[in-house]
Amino acid sequence: MIYNNIVCGEFVSRPNRFTANVLINGQQEICHVKNTGRCREILVEGAEVWLEQSSSPARRTKYDLVAVRKGGRLINIDSQAPNKAVAEWLEREKPFGADMELFREKTYGSSRFDIMLRSKNSDRTVYIEVKGCTLERDGTALFPDAPTERGVKHLNELIDCRRHGYEAALFILVQMSDISYFTPNYATHREFGEAMKKAHNCGVRLMCYDSTVTPESLDVRSPVEIRL
């Protein structure tokens, strides 16, 4: 996926989940943060960040914060980007088969999954939930960075899909490159990690890939080992 009108800035502070103060060309701007997670390890004072400038004059904030540099890594923190990047990759690579047609935001039970694939030639259906991962420690990717009851609910719904004869997958997109492996963040939310184990045992396909990240783009790159 591609961004437009990207500018570089310096992170100053984050007054709340939705906004950040950023220096752009020496002037402090209030920017929208496209990620409601904690991001404490990466959104630190003085960090180099990249923002997409909005073309809408009606917006309260002029910029969206989409990426940040942590050491030698560029990390995309746009929580909307993984769905788009994974959908593009699925349509391009066809890992579930060439006859699968992609649909976005499809409801199953009490959940709305990010992607549904349906065969053009049979009754085969695959429900896919996408999670973006921005937390990295010593080369290991972890999710979630905050407790996520919604994430547990999605995993339980994916298990229900399998029980009713549908295929189901959890796709974790690590929004950076050069990751050794992925593991659930048991210390932050053990229930999510246990739900991942249960989903795996019930036939939900667990997929994890890292990303090629530039200030202007996010693309699915290579598979990452999952350690449960």
# chains A, B, ... in the order shown; residues from 1 in each chain; ligands from 1
>>> select_by_dssp(residues="region 32-215 of chain A", states="strand (DSSP E)", output="JSON, numbers by chain")
{"A": [32, 33, 48, 49, 50, 51, 52, 53, 63, 64, 65, 66, 67, 68, 69, 70, 73, 74, 75, 76, 100, 101, 102, 103, 104, 105, 106, 107, 108, 111, 112, 113, 114, 115, 116, 117, 118, 119, 125, 126, 127, 128, 129, 130, 131, 132, 133, 135, 136, 137, 140, 141, 142, 143, 167, 168, 169, 170, 171, 172, 173, 174, 181, 182, 183, 184, 205, 206, 207, 208, 209, 210, 211, 212, 213, 214]}
>>> residues_around(residues="Glu10 (chain A)", least_positions_apart="2", cutoff="12 Å", atoms="only C-alpha atoms", output="count of residues only")
29
>>> select_by_dssp(residues="region 37-210 of chain A", states="helix (DSSP H, G or I)", output="ChimeraX atom specification")
/A:81-93,149-163,190-201
>>> closest_residue(among="A:Ala187, A:Leu218, A:Cys208, A:Ala199", to="Ile75 (chain A)", atoms="only C-alpha atoms")
A:Leu218
